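Below is one structure; the comments refer to it alone.
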Amino acid sequence: MSDNILTVSNVSRQFTDSEKTITVLSDIDFELKQGECVSIIGTSGCGKTTLLRLVAGFDKATGGEIRFRDKAVDGLDYRRGYIFQQHNLFPWLTVEKNIEVGLKARHVKKTERPSVQEYIELVGLHGFEKSFPHQISGGMAQRTAIARALINEPQLLLLDEPMGALDTFTRADIQDKLLEIRKLKDLTMLIVTHDLDEALYMSDRIIIMSARPGKISEVINVNIPYPRNRSGTEFLALRNVLLEKFDLANAQPQPEYII
Amino acid sequence: MAKKTSVKVPYIFAVLFTVSGFAISILINLLYPQKAADVAFKSYDIPFLTLNANDLYITVLALLITGFAVSGIIAHRSDITSASYRNKAKLRFAAGLLLGVLDIAGTKEKILPQPFFPGPVEILEPFLSEGDFIAENLFYSLRLYIFGFFFGAFFGIGTGILIGWFDNVHFWVNPILELTGVIPAVAWMPFALTLCPTPFSAAVFLIVICVWFPIASLTAAGIRSTPKALYEAAGILGGKSSFLLFHVAVPHAMPQIFTGLCTANAYAFTTLVMAEMLGQPGGLGYYINLSKVWSSYNKVFTAILIMAVLFSIILKVLKLIESYVLRWQKGVVK
(Lines give C-alpha, C1' and ligand atoms only; values in the text may rest on other atoms or scores of the structure.)
Protein backbone atom coordinates (compact mmCIF):
# COMPACT_ATOMS: atom_id res chain seq x y z
CA MET A 1 0.00 0.00 0.00
CA SER A 2 1.55 3.25 -1.08
CA ASP A 3 0.42 6.69 -0.04
CA ASN A 4 0.12 7.72 -3.66
CA ILE A 5 -3.23 8.97 -4.86
CA LEU A 6 -2.20 8.30 -8.41
CA THR A 7 0.49 6.08 -9.89
CA VAL A 8 1.09 6.15 -13.62
CA SER A 9 3.53 3.47 -14.66
CA ASN A 10 4.93 2.88 -18.08
CA VAL A 11 1.77 4.07 -19.79
CA SER A 12 1.50 4.25 -23.55
CA ARG A 13 -1.33 5.02 -25.92
CA GLN A 14 -1.38 4.15 -29.58
CA PHE A 15 -4.02 5.02 -32.11
CA THR A 16 -4.43 2.63 -35.00
CA ASP A 17 -6.17 3.41 -38.21
CA SER A 18 -6.32 1.35 -41.37
CA GLU A 19 -2.84 2.27 -42.55
CA LYS A 20 -0.60 2.98 -39.64
CA THR A 21 -0.19 3.02 -35.91
CA ILE A 22 0.54 6.34 -34.25
CA THR A 23 2.12 6.35 -30.83
CA VAL A 24 0.77 9.34 -28.96
CA LEU A 25 2.17 8.51 -25.54
CA SER A 26 5.00 6.26 -24.50
CA ASP A 27 6.79 5.40 -21.26
CA ILE A 28 4.84 7.77 -19.05
CA ASP A 29 5.80 7.37 -15.40
CA PHE A 30 4.84 9.64 -12.52
CA GLU A 31 3.16 9.69 -9.16
CA LEU A 32 0.92 12.04 -7.27
CA LYS A 33 0.82 12.19 -3.48
CA GLN A 34 -2.07 13.39 -1.37
CA GLY A 35 -2.32 17.17 -1.47
CA GLU A 36 0.12 17.67 -4.31
CA CYS A 37 -0.46 19.92 -7.26
CA VAL A 38 1.32 18.89 -10.43
CA SER A 39 1.25 20.55 -13.85
CA ILE A 40 1.90 18.89 -17.17
CA ILE A 41 3.15 21.29 -19.80
CA GLY A 42 4.18 20.78 -23.37
CA THR A 43 3.65 22.09 -26.84
CA SER A 44 0.35 21.34 -28.50
CA GLY A 45 0.11 17.83 -29.86
CA CYS A 46 2.41 16.33 -27.23
CA GLY A 47 -0.39 14.18 -25.87
CA LYS A 48 -0.90 15.93 -22.53
CA THR A 49 -4.67 16.03 -22.87
CA THR A 50 -4.67 12.38 -24.00
CA LEU A 51 -2.76 11.54 -20.83
CA LEU A 52 -5.26 13.41 -18.65
CA ARG A 53 -8.14 11.65 -20.37
CA LEU A 54 -6.50 8.31 -19.63
CA VAL A 55 -6.20 9.24 -15.95
CA ALA A 56 -9.85 10.33 -15.89
CA GLY A 57 -11.01 7.10 -17.49
CA PHE A 58 -12.47 8.59 -20.67
CA ASP A 59 -9.96 6.56 -22.64
CA LYS A 60 -7.96 3.37 -22.08
CA ALA A 61 -4.18 3.04 -22.19
CA THR A 62 -2.80 0.55 -24.68
CA GLY A 63 0.14 -0.26 -22.43
CA GLY A 64 1.16 0.18 -18.80
CA GLU A 65 -1.06 0.85 -15.87
CA ILE A 66 -2.73 3.77 -14.12
CA ARG A 67 -3.60 3.20 -10.47
CA PHE A 68 -5.86 5.50 -8.52
CA ARG A 69 -5.78 4.85 -4.76
CA ASP A 70 -4.18 1.47 -5.41
CA LYS A 71 -6.84 0.33 -7.84
CA ALA A 72 -6.39 0.17 -11.58
CA VAL A 73 -8.38 2.87 -13.37
CA ASP A 74 -11.22 1.32 -15.30
CA GLY A 75 -13.88 3.72 -16.51
CA LEU A 76 -15.10 6.88 -14.87
CA ASP A 77 -15.14 7.59 -11.17
CA TYR A 78 -16.70 10.65 -9.53
CA ARG A 79 -13.82 10.75 -7.05
CA ARG A 80 -11.67 11.93 -9.92
CA GLY A 81 -13.14 15.32 -10.74
CA TYR A 82 -12.56 16.81 -14.16
CA ILE A 83 -12.57 20.40 -15.35
CA PHE A 84 -12.80 20.80 -19.11
CA GLN A 85 -11.36 23.59 -21.19
CA GLN A 86 -14.91 24.56 -22.14
CA HIS A 87 -17.12 24.75 -19.08
CA ASN A 88 -19.52 22.08 -20.41
CA LEU A 89 -22.32 23.22 -18.15
CA PHE A 90 -25.79 21.93 -18.91
CA PRO A 91 -27.46 24.89 -20.64
CA TRP A 92 -30.93 23.92 -19.42
CA LEU A 93 -29.96 24.04 -15.74
CA THR A 94 -29.38 27.09 -13.57
CA VAL A 95 -26.02 27.65 -11.89
CA GLU A 96 -27.41 26.12 -8.71
CA LYS A 97 -28.83 23.05 -10.44
CA ASN A 98 -25.66 22.58 -12.47
CA ILE A 99 -23.63 22.44 -9.28
CA GLU A 100 -26.08 19.97 -7.80
CA VAL A 101 -25.94 17.59 -10.80
CA GLY A 102 -23.25 15.32 -9.34
CA LEU A 103 -25.32 14.67 -6.22
CA LYS A 104 -28.37 13.85 -8.29
CA ALA A 105 -26.40 11.65 -10.67
CA ARG A 106 -25.04 9.66 -7.76
CA HIS A 107 -28.45 9.45 -6.07
CA VAL A 108 -27.17 11.02 -2.87
CA LYS A 109 -30.07 11.27 -0.43
CA LYS A 110 -31.38 14.78 0.12
CA THR A 111 -30.55 14.57 3.83
CA GLU A 112 -26.96 13.54 3.18
CA ARG A 113 -26.20 16.18 0.59
CA PRO A 114 -23.66 18.89 1.26
CA SER A 115 -25.09 22.36 0.96
CA VAL A 116 -25.09 23.67 -2.60
CA GLN A 117 -25.05 27.18 -1.19
CA GLU A 118 -21.72 26.48 0.50
CA TYR A 119 -20.13 25.66 -2.85
CA ILE A 120 -21.74 28.66 -4.50
CA GLU A 121 -20.13 30.84 -1.83
CA LEU A 122 -16.84 28.95 -2.20
CA VAL A 123 -16.48 29.96 -5.84
CA GLY A 124 -17.98 33.39 -5.23
CA LEU A 125 -21.17 33.06 -7.26
CA HIS A 126 -23.56 34.36 -4.65
CA GLY A 127 -26.48 36.08 -6.36
CA PHE A 128 -26.23 34.07 -9.57
CA GLU A 129 -27.86 30.87 -8.31
CA LYS A 130 -30.85 31.20 -10.59
CA SER A 131 -28.96 32.33 -13.72
CA PHE A 132 -28.65 30.09 -16.73
CA PRO A 133 -25.16 29.41 -18.16
CA HIS A 134 -25.62 31.70 -21.17
CA GLN A 135 -26.48 34.59 -18.87
CA ILE A 136 -23.14 34.58 -17.03
CA SER A 137 -19.58 35.35 -18.14
CA GLY A 138 -17.03 32.73 -19.20
CA GLY A 139 -15.14 33.09 -15.95
CA MET A 140 -18.27 32.63 -13.89
CA ALA A 141 -19.24 29.61 -15.95
CA GLN A 142 -15.83 28.04 -15.33
CA ARG A 143 -16.19 28.74 -11.62
CA THR A 144 -19.58 27.02 -11.73
CA ALA A 145 -17.90 24.05 -13.39
CA ILE A 146 -15.30 23.99 -10.60
CA ALA A 147 -18.01 24.04 -7.94
CA ARG A 148 -19.85 21.30 -9.82
CA ALA A 149 -16.74 19.11 -9.69
CA LEU A 150 -15.94 19.96 -6.07
CA ILE A 151 -19.35 19.14 -4.64
CA ASN A 152 -18.58 15.47 -5.27
CA GLU A 153 -15.58 15.88 -2.93
CA PRO A 154 -13.12 14.40 -5.41
CA GLN A 155 -9.82 13.06 -4.13
CA LEU A 156 -8.13 14.09 -7.31
CA LEU A 157 -9.04 17.02 -9.50
CA LEU A 158 -7.99 16.85 -13.12
CA LEU A 159 -7.88 20.13 -14.99
CA ASP A 160 -7.58 20.20 -18.77
CA GLU A 161 -6.39 23.70 -19.70
CA PRO A 162 -9.12 25.02 -17.45
CA MET A 163 -8.28 28.64 -18.09
CA GLY A 164 -7.53 28.24 -21.78
CA ALA A 165 -10.64 30.06 -22.87
CA LEU A 166 -10.37 32.91 -20.39
CA ASP A 167 -8.66 36.30 -20.37
CA THR A 168 -5.63 37.13 -18.20
CA PHE A 169 -7.52 38.76 -15.35
CA THR A 170 -10.16 36.08 -15.02
CA ARG A 171 -7.42 33.50 -15.26
CA ALA A 172 -5.46 34.96 -12.33
CA ASP A 173 -8.67 35.22 -10.33
CA ILE A 174 -9.54 31.57 -10.84
CA GLN A 175 -5.99 30.41 -10.17
CA ASP A 176 -6.10 32.12 -6.78
CA LYS A 177 -9.51 30.63 -6.11
CA LEU A 178 -8.24 27.14 -6.88
CA LEU A 179 -5.20 27.55 -4.61
CA GLU A 180 -7.45 28.81 -1.84
CA ILE A 181 -9.76 25.81 -2.25
CA ARG A 182 -6.77 23.48 -2.42
CA LYS A 183 -5.60 24.72 0.99
CA LEU A 184 -9.09 24.49 2.42
CA LYS A 185 -9.89 20.98 1.20
CA ASP A 186 -6.42 19.44 0.91
CA LEU A 187 -7.12 18.89 -2.76
CA THR A 188 -4.80 16.93 -5.04
CA MET A 189 -4.62 18.46 -8.50
CA LEU A 190 -3.23 17.47 -11.86
CA ILE A 191 -3.29 20.36 -14.33
CA VAL A 192 -2.67 20.19 -18.05
CA THR A 193 -1.68 23.56 -19.40
CA HIS A 194 0.39 25.31 -22.01
CA ASP A 195 0.74 28.39 -19.87
CA LEU A 196 4.17 28.40 -18.16
CA ASP A 197 3.13 31.07 -15.66
CA GLU A 198 0.12 29.08 -14.65
CA ALA A 199 2.21 25.99 -14.08
CA LEU A 200 4.74 27.95 -12.02
CA TYR A 201 2.13 29.76 -10.01
CA MET A 202 0.06 26.72 -9.15
CA SER A 203 2.16 23.61 -8.86
CA ASP A 204 4.68 21.81 -6.67
CA ARG A 205 6.07 19.98 -9.65
CA ILE A 206 6.05 20.59 -13.38
CA ILE A 207 6.18 17.70 -15.79
CA ILE A 208 7.52 18.75 -19.15
CA MET A 209 6.48 16.62 -22.10
CA SER A 210 7.97 16.40 -25.54
CA ALA A 211 6.03 15.52 -28.64
CA ARG A 212 5.93 12.68 -31.16
CA PRO A 213 5.76 10.40 -29.33
CA GLY A 214 4.62 12.12 -26.14
CA LYS A 215 7.19 11.47 -23.45
CA ILE A 216 8.13 13.02 -20.16
CA SER A 217 11.32 14.87 -20.92
CA GLU A 218 11.90 16.47 -17.55
CA VAL A 219 10.38 17.04 -14.13
CA ILE A 220 11.03 20.30 -12.37
CA ASN A 221 10.35 20.86 -8.68
CA VAL A 222 9.02 24.28 -7.83
CA ASN A 223 10.24 24.99 -4.32
CA ILE A 224 8.72 28.41 -3.92
CA PRO A 225 6.44 28.81 -0.89
CA TYR A 226 2.78 29.71 -1.45
CA PRO A 227 1.35 32.26 -1.98
CA ARG A 228 3.70 32.93 -4.85
CA ASN A 229 4.64 36.28 -6.23
CA ARG A 230 4.32 36.33 -10.00
CA SER A 231 7.11 38.88 -10.24
CA GLY A 232 9.37 37.55 -7.48
CA THR A 233 13.05 36.82 -8.27
CA GLU A 234 12.78 33.06 -7.73
CA PHE A 235 9.64 32.92 -9.84
CA LEU A 236 11.21 34.81 -12.70
CA ALA A 237 14.44 32.80 -12.50
CA LEU A 238 12.55 29.55 -12.79
CA ARG A 239 10.43 31.03 -15.53
CA ASN A 240 13.59 31.74 -17.51
CA VAL A 241 14.74 28.16 -17.01
CA LEU A 242 11.43 26.96 -18.45
CA LEU A 243 11.60 29.37 -21.34
CA GLU A 244 15.09 28.08 -22.15
CA LYS A 245 13.77 24.56 -22.25
CA PHE A 246 11.24 25.51 -24.88
CA ASP A 247 13.77 27.65 -26.77
CA LEU A 248 11.69 30.73 -26.12
CA ALA A 249 14.16 32.75 -24.06
CA ASN A 250 15.63 34.71 -26.94
CA ALA A 251 14.20 35.98 -30.14
CA GLN A 252 14.86 33.40 -32.81
CA PRO A 253 17.01 34.59 -35.70
CA GLN A 254 14.91 34.50 -38.82
CA PRO A 255 16.36 32.48 -41.66
CA GLU A 256 17.33 34.58 -44.62
CA TYR A 257 16.02 33.61 -47.98
CA ILE A 258 17.64 34.26 -51.29
CA ILE A 259 15.32 34.38 -54.19
CA MET B 1 -42.20 68.31 -49.54
CA ALA B 2 -42.41 68.49 -45.80
CA LYS B 3 -40.92 65.60 -43.95
CA LYS B 4 -43.50 63.50 -42.22
CA THR B 5 -43.05 63.38 -38.50
CA SER B 6 -45.01 60.80 -36.64
CA VAL B 7 -46.93 62.34 -33.81
CA LYS B 8 -47.91 59.86 -31.18
CA VAL B 9 -51.64 60.01 -30.75
CA PRO B 10 -52.90 59.65 -27.18
CA TYR B 11 -53.43 56.04 -26.14
CA ILE B 12 -57.13 56.55 -25.63
CA PHE B 13 -57.50 57.14 -29.38
CA ALA B 14 -55.80 53.83 -30.11
CA VAL B 15 -58.39 52.12 -27.92
CA LEU B 16 -61.27 54.00 -29.54
CA PHE B 17 -59.91 53.26 -33.00
CA THR B 18 -59.60 49.57 -32.17
CA VAL B 19 -63.22 49.22 -31.10
CA SER B 20 -64.70 51.66 -33.64
CA GLY B 21 -64.70 49.04 -36.44
CA PHE B 22 -66.98 46.82 -34.41
CA ALA B 23 -69.12 49.80 -33.38
CA ILE B 24 -69.58 50.77 -37.03
CA SER B 25 -70.67 47.21 -37.75
CA ILE B 26 -73.32 47.47 -35.04
CA LEU B 27 -74.57 50.70 -36.60
CA ILE B 28 -74.61 49.08 -40.04
CA ASN B 29 -76.60 46.19 -38.69
CA LEU B 30 -79.13 48.44 -37.00
CA LEU B 31 -79.45 51.21 -39.59
CA TYR B 32 -78.85 49.57 -42.97
CA PRO B 33 -82.18 48.44 -44.38
CA GLN B 34 -82.77 44.78 -45.16
CA LYS B 35 -82.94 44.82 -48.97
CA ALA B 36 -82.96 41.14 -49.84
CA ALA B 37 -86.25 39.41 -49.28
CA ASP B 38 -86.99 36.23 -47.32
CA VAL B 39 -84.80 37.04 -44.41
CA ALA B 40 -86.47 36.52 -41.08
CA PHE B 41 -84.82 35.43 -37.90
CA LYS B 42 -86.57 33.09 -35.57
CA SER B 43 -86.53 33.82 -31.87
CA TYR B 44 -85.14 31.21 -29.52
CA ASP B 45 -85.66 30.76 -25.84
CA ILE B 46 -82.44 30.38 -23.98
CA PRO B 47 -82.18 30.52 -20.18
CA PHE B 48 -83.38 33.91 -18.87
CA LEU B 49 -84.04 35.52 -22.25
CA THR B 50 -85.43 35.18 -25.72
CA LEU B 51 -83.43 36.36 -28.68
CA ASN B 52 -82.90 35.89 -32.39
CA ALA B 53 -79.68 35.49 -34.37
CA ASN B 54 -79.44 39.20 -35.09
CA ASP B 55 -79.57 39.99 -31.39
CA LEU B 56 -76.83 37.44 -30.85
CA TYR B 57 -74.69 39.10 -33.54
CA ILE B 58 -75.05 42.48 -31.87
CA THR B 59 -74.29 40.92 -28.49
CA VAL B 60 -71.14 39.32 -29.89
CA LEU B 61 -70.03 42.65 -31.36
CA ALA B 62 -70.72 44.37 -28.04
CA LEU B 63 -68.71 41.69 -26.25
CA LEU B 64 -65.84 42.18 -28.70
CA ILE B 65 -65.92 45.93 -28.06
CA THR B 66 -65.90 45.36 -24.30
CA GLY B 67 -63.15 42.77 -24.61
CA PHE B 68 -60.85 44.95 -26.69
CA ALA B 69 -61.51 47.96 -24.49
CA VAL B 70 -60.66 46.02 -21.34
CA SER B 71 -57.56 44.47 -22.93
CA GLY B 72 -56.56 47.97 -24.02
CA ILE B 73 -56.73 49.14 -20.42
CA ILE B 74 -54.75 46.13 -19.23
CA ALA B 75 -52.16 46.59 -22.01
CA HIS B 76 -51.65 50.21 -20.96
CA ARG B 77 -49.75 49.05 -17.89
CA SER B 78 -46.52 48.20 -19.70
CA ASP B 79 -44.75 49.82 -22.64
CA ILE B 80 -44.30 46.59 -24.58
CA THR B 81 -47.94 45.49 -24.38
CA SER B 82 -49.29 48.97 -25.08
CA ALA B 83 -47.02 49.31 -28.13
CA SER B 84 -48.26 45.97 -29.38
CA TYR B 85 -51.86 47.03 -28.74
CA ARG B 86 -51.31 50.27 -30.65
CA ASN B 87 -49.73 48.32 -33.46
CA LYS B 88 -52.71 46.01 -33.79
CA ALA B 89 -55.30 48.80 -33.66
CA LYS B 90 -55.70 49.14 -37.44
CA LEU B 91 -55.88 45.38 -37.90
CA ARG B 92 -58.68 45.08 -35.35
CA PHE B 93 -60.45 48.09 -36.84
CA ALA B 94 -60.35 46.42 -40.25
CA ALA B 95 -61.64 43.15 -38.80
CA GLY B 96 -64.56 44.98 -37.25
CA LEU B 97 -65.33 46.80 -40.47
CA LEU B 98 -65.09 43.56 -42.45
CA LEU B 99 -67.93 42.12 -40.37
CA GLY B 100 -70.11 45.09 -41.35
CA VAL B 101 -69.21 44.64 -45.03
CA LEU B 102 -70.02 40.93 -44.85
CA ASP B 103 -73.26 41.75 -43.11
CA ILE B 104 -74.30 43.97 -46.03
CA ALA B 105 -72.99 41.68 -48.75
CA GLY B 106 -74.15 38.39 -47.21
CA THR B 107 -77.39 39.27 -45.45
CA LYS B 108 -78.69 42.74 -46.22
CA GLU B 109 -78.18 42.80 -50.00
CA LYS B 110 -77.23 39.18 -50.62
CA ILE B 111 -74.92 40.21 -53.45
CA LEU B 112 -72.52 37.32 -52.68
CA PRO B 113 -73.37 33.98 -54.34
CA GLN B 114 -76.02 32.35 -52.21
CA PRO B 115 -76.30 30.09 -50.28
CA PHE B 116 -72.52 29.64 -50.24
CA PHE B 117 -71.58 32.90 -48.56
CA PRO B 118 -73.94 33.77 -45.74
CA GLY B 119 -73.52 36.86 -43.58
CA PRO B 120 -72.20 36.77 -40.01
CA VAL B 121 -75.71 36.66 -38.55
CA GLU B 122 -76.53 33.41 -40.34
CA ILE B 123 -73.20 31.95 -39.30
CA LEU B 124 -74.09 32.63 -35.68
CA GLU B 125 -77.64 31.31 -35.96
CA PRO B 126 -76.77 27.58 -35.46
CA PHE B 127 -75.47 28.41 -31.98
CA LEU B 128 -79.06 29.28 -31.10
CA SER B 129 -80.91 26.72 -33.18
CA GLU B 130 -78.77 23.71 -32.34
CA GLY B 131 -76.24 24.80 -29.74
CA ASP B 132 -76.40 21.48 -27.89
CA PHE B 133 -75.70 19.53 -31.03
CA ILE B 134 -72.73 21.76 -31.84
CA ALA B 135 -71.36 21.36 -28.32
CA GLU B 136 -71.77 17.60 -28.62
CA ASN B 137 -69.75 17.57 -31.84
CA LEU B 138 -67.20 19.97 -30.42
CA PHE B 139 -66.57 17.68 -27.45
CA TYR B 140 -66.38 14.68 -29.74
CA SER B 141 -63.63 16.41 -31.74
CA LEU B 142 -61.87 17.55 -28.62
CA ARG B 143 -61.91 14.06 -27.13
CA LEU B 144 -60.60 12.61 -30.37
CA TYR B 145 -57.85 15.19 -30.50
CA ILE B 146 -56.80 14.67 -26.90
CA PHE B 147 -56.68 10.88 -27.17
CA GLY B 148 -54.95 10.89 -30.54
CA PHE B 149 -52.45 13.63 -29.78
CA PHE B 150 -51.45 12.42 -26.35
CA PHE B 151 -51.06 8.77 -27.29
CA GLY B 152 -49.22 9.79 -30.46
CA ALA B 153 -46.92 12.15 -28.56
CA PHE B 154 -46.30 9.48 -25.92
CA PHE B 155 -45.39 6.81 -28.47
CA GLY B 156 -43.52 9.32 -30.60
CA ILE B 157 -41.29 10.50 -27.77
CA GLY B 158 -40.87 6.88 -26.66
CA THR B 159 -39.76 5.55 -30.04
CA GLY B 160 -37.71 8.70 -30.63
CA ILE B 161 -35.79 8.08 -27.43
CA LEU B 162 -35.22 4.42 -28.30
CA ILE B 163 -34.09 5.23 -31.84
CA GLY B 164 -31.89 8.06 -30.65
CA TRP B 165 -30.28 6.15 -27.82
CA PHE B 166 -29.81 2.58 -29.04
CA ASP B 167 -27.85 2.16 -32.26
CA ASN B 168 -29.51 -1.20 -32.83
CA VAL B 169 -32.98 0.25 -32.67
CA HIS B 170 -31.86 3.05 -34.93
CA PHE B 171 -30.61 0.55 -37.48
CA TRP B 172 -33.80 -1.53 -37.55
CA VAL B 173 -36.58 0.91 -36.75
CA ASN B 174 -35.43 4.13 -38.39
CA PRO B 175 -35.93 2.83 -41.97
CA ILE B 176 -39.48 1.83 -41.05
CA LEU B 177 -40.07 5.27 -39.60
CA GLU B 178 -38.67 7.00 -42.66
CA LEU B 179 -40.70 4.87 -45.04
CA THR B 180 -44.04 4.92 -43.27
CA GLY B 181 -43.66 8.46 -42.00
CA VAL B 182 -44.09 10.04 -45.39
CA ILE B 183 -47.42 8.32 -46.01
CA PRO B 184 -50.34 10.58 -45.10
CA ALA B 185 -52.11 8.99 -42.17
CA VAL B 186 -55.51 8.97 -43.92
CA ALA B 187 -54.12 6.46 -46.42
CA TRP B 188 -54.47 3.89 -43.64
CA MET B 189 -58.15 4.71 -43.34
CA PRO B 190 -59.48 1.47 -44.89
CA PHE B 191 -57.46 -0.63 -42.44
CA ALA B 192 -58.31 1.62 -39.55
CA LEU B 193 -62.01 1.38 -40.23
CA THR B 194 -62.04 -2.38 -40.63
CA LEU B 195 -59.52 -3.38 -37.99
CA CYS B 196 -60.41 -1.02 -35.16
CA PRO B 197 -63.42 -2.01 -33.05
CA THR B 198 -65.10 1.41 -33.07
CA PRO B 199 -65.01 4.41 -35.43
CA PHE B 200 -63.67 6.46 -32.56
CA SER B 201 -60.70 4.16 -32.02
CA ALA B 202 -60.09 4.12 -35.78
CA ALA B 203 -59.80 7.90 -35.83
CA VAL B 204 -57.59 7.87 -32.74
CA PHE B 205 -55.38 5.35 -34.52
CA LEU B 206 -55.02 7.63 -37.56
CA ILE B 207 -54.18 10.66 -35.44
CA VAL B 208 -51.68 8.63 -33.42
CA ILE B 209 -49.94 7.61 -36.65
CA CYS B 210 -49.71 11.13 -38.03
CA VAL B 211 -48.53 12.56 -34.71
CA TRP B 212 -46.08 9.75 -34.04
CA PHE B 213 -43.86 10.27 -37.06
CA PRO B 214 -42.68 13.89 -36.73
CA ILE B 215 -42.30 13.60 -32.98
CA ALA B 216 -40.36 10.34 -33.16
CA SER B 217 -37.99 11.51 -35.87
CA LEU B 218 -37.30 14.89 -34.26
CA THR B 219 -36.85 13.39 -30.79
CA ALA B 220 -34.39 10.88 -32.21
CA ALA B 221 -32.49 13.62 -34.05
CA GLY B 222 -32.32 15.73 -30.88
CA ILE B 223 -30.97 12.85 -28.84
CA ARG B 224 -28.43 11.81 -31.43
CA SER B 225 -27.07 15.33 -31.72
CA THR B 226 -26.22 15.61 -28.01
CA PRO B 227 -22.56 16.68 -27.77
CA LYS B 228 -20.20 14.01 -26.45
CA ALA B 229 -18.71 16.59 -24.09
CA LEU B 230 -21.98 16.81 -22.14
CA TYR B 231 -22.09 13.03 -21.70
CA GLU B 232 -18.48 13.11 -20.51
CA ALA B 233 -19.25 15.90 -18.05
CA ALA B 234 -22.21 13.97 -16.64
CA GLY B 235 -20.30 10.68 -16.63
CA ILE B 236 -17.35 11.97 -14.63
CA LEU B 237 -19.79 13.45 -12.11
CA GLY B 238 -21.08 9.96 -11.41
CA GLY B 239 -23.96 9.70 -13.90
CA LYS B 240 -24.75 6.21 -15.12
CA SER B 241 -26.34 5.53 -18.47
CA SER B 242 -29.96 6.12 -17.41
CA PHE B 243 -28.90 9.48 -16.00
CA LEU B 244 -27.14 10.35 -19.26
CA LEU B 245 -30.30 9.51 -21.15
CA PHE B 246 -32.91 11.24 -19.02
CA HIS B 247 -30.89 14.14 -17.66
CA VAL B 248 -28.59 14.91 -20.57
CA ALA B 249 -29.92 13.55 -23.87
CA VAL B 250 -33.63 14.19 -23.30
CA PRO B 251 -33.24 17.78 -22.03
CA HIS B 252 -30.87 18.43 -24.91
CA ALA B 253 -33.50 17.11 -27.34
CA MET B 254 -36.28 19.15 -25.73
CA PRO B 255 -36.24 22.04 -28.26
CA GLN B 256 -36.54 19.54 -31.10
CA ILE B 257 -39.21 17.56 -29.28
CA PHE B 258 -41.25 20.76 -29.12
CA THR B 259 -40.70 21.45 -32.80
CA GLY B 260 -42.04 17.93 -33.35
CA LEU B 261 -45.04 18.56 -31.10
CA CYS B 262 -45.97 21.74 -32.96
CA THR B 263 -45.64 20.10 -36.39
CA ALA B 264 -47.56 17.06 -35.19
CA ASN B 265 -50.26 19.32 -33.81
CA ALA B 266 -50.94 20.73 -37.27
CA TYR B 267 -51.02 17.24 -38.78
CA ALA B 268 -53.38 16.12 -36.02
CA PHE B 269 -55.91 18.86 -36.88
CA THR B 270 -55.87 17.88 -40.54
CA THR B 271 -56.23 14.18 -39.89
CA LEU B 272 -58.87 14.79 -37.25
CA VAL B 273 -61.16 16.73 -39.56
CA MET B 274 -60.56 14.38 -42.47
CA ALA B 275 -61.27 11.31 -40.39
CA GLU B 276 -64.46 12.90 -39.10
CA MET B 277 -65.63 13.77 -42.57
CA LEU B 278 -65.02 10.25 -43.80
CA GLY B 279 -66.71 8.12 -41.22
CA GLN B 280 -67.30 9.30 -37.71
CA PRO B 281 -70.59 9.46 -35.84
CA GLY B 282 -69.73 12.92 -34.51
CA GLY B 283 -67.24 15.76 -34.49
CA LEU B 284 -66.89 19.08 -36.25
CA GLY B 285 -65.90 17.38 -39.51
CA TYR B 286 -69.02 15.25 -39.27
CA TYR B 287 -71.05 18.38 -38.62
CA ILE B 288 -69.65 19.99 -41.77
CA ASN B 289 -70.54 16.93 -43.81
CA LEU B 290 -74.04 16.77 -42.42
CA SER B 291 -74.64 20.47 -43.07
CA LYS B 292 -73.30 20.20 -46.61
CA VAL B 293 -75.85 17.51 -47.39
CA TRP B 294 -78.64 19.91 -46.40
CA SER B 295 -76.98 22.81 -48.23
CA SER B 296 -76.70 24.64 -44.93
CA TYR B 297 -73.50 26.42 -45.81
CA ASN B 298 -73.89 28.79 -42.92
CA LYS B 299 -73.40 25.78 -40.62
CA VAL B 300 -70.25 24.83 -42.50
CA PHE B 301 -68.92 28.27 -41.68
CA THR B 302 -70.04 27.87 -38.08
CA ALA B 303 -67.96 24.71 -37.81
CA ILE B 304 -64.99 26.41 -39.49
CA LEU B 305 -65.28 29.32 -37.07
CA ILE B 306 -65.28 26.95 -34.11
CA MET B 307 -62.26 25.10 -35.50
CA ALA B 308 -60.36 28.35 -35.98
CA VAL B 309 -60.98 29.36 -32.38
CA LEU B 310 -60.41 25.89 -30.92
CA PHE B 311 -57.22 25.16 -32.83
CA SER B 312 -55.78 28.60 -32.09
CA ILE B 313 -56.40 28.06 -28.40
CA ILE B 314 -54.73 24.64 -28.49
CA LEU B 315 -51.75 26.05 -30.38
CA LYS B 316 -51.48 28.94 -27.95
CA VAL B 317 -51.48 26.58 -24.97
CA LEU B 318 -48.79 24.45 -26.61
CA LYS B 319 -46.65 27.54 -27.25
CA LEU B 320 -47.08 28.65 -23.65
CA ILE B 321 -45.93 25.26 -22.37
CA GLU B 322 -43.01 25.39 -24.79
CA SER B 323 -41.86 28.81 -23.70
CA TYR B 324 -42.00 27.69 -20.08
CA VAL B 325 -40.10 24.43 -20.60
CA LEU B 326 -37.53 26.07 -22.85
CA ARG B 327 -37.16 29.21 -20.76
CA TRP B 328 -33.43 28.43 -20.47
CA GLN B 329 -33.16 29.16 -24.18
CA LYS B 330 -34.41 32.71 -23.87
CA GLY B 331 -31.64 34.95 -25.17
CA VAL B 332 -29.77 32.07 -26.80
CA VAL B 333 -32.02 31.65 -29.80
CA LYS B 334 -33.78 34.42 -31.56
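Residue numbering restarts at 1 in every chain; chains get A, B, ... in the order shown in the C-alpha coordinates, and ligands count up from 1 in that same order.
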### Task
Up to 8 Å from chain A, what residues of chain B turn up? Count only C-alpha atoms and give them as an MDAnalysis selection string.
chainID B and resid 229:230 232:240 243 248 251:252 326 328:329 331:332
### Message
If we count only C-alpha atoms and set the cut-off at 9 Å, which residues sit around Gly47 (chain A), ignoring sequence neighbours fewer than 4 positions away in its own chain? Please answer as a count of residues only.
### Response
13
### Query
Which neighbours of Leu166 (chain A) fall inside 7 Å, counting only C-alpha atoms, when residues of the same chain fewer than 5 positions from it are skipped, and could you give them as a ChimeraX atom specification?
/A:138-139,171
### Query
Separation of CA of Met277 (chain B) and CA of Leu290 (chain B), in Å?
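About the pair CA of Met277 (chain B) and CA of Leu290 (chain B): they are 8.9 Å apart.
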### Message
Considering only helix (DSSP H, G or I) as DSSP defines it on the backbone, what residues of region 48-284 of chain B qualify? List them as number ranges by chain.
### Response
B: 53-75, 79-108, 120-129, 131-165, 167-181, 185-195, 199-224, 228-236, 241-277, 284
### Query
Which distance in Å separates CA of Thr271 (chain B) and CA of Ala185 (chain B), to one decimal?
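Result for CA of Thr271 (chain B) versus CA of Ala185 (chain B): 7.0 Å, one decimal.
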### Query
When you draw a straight line from CA of Ala249 (chain B) to CA of Tyr231 (chain B), how long is it in Å?
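Between these atoms lies a distance of 8.1 Å.
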### Task
Could you give me, as a ChimeraX atom specification, the residues within 12 Å of region 303-306 of chain B, counting only C-alpha atoms and dropping anything in the same chain fewer than 6 positions from it?
/B:120,123-127,131,133-135,137-139,141-142,273,283-292,296-297,312-313
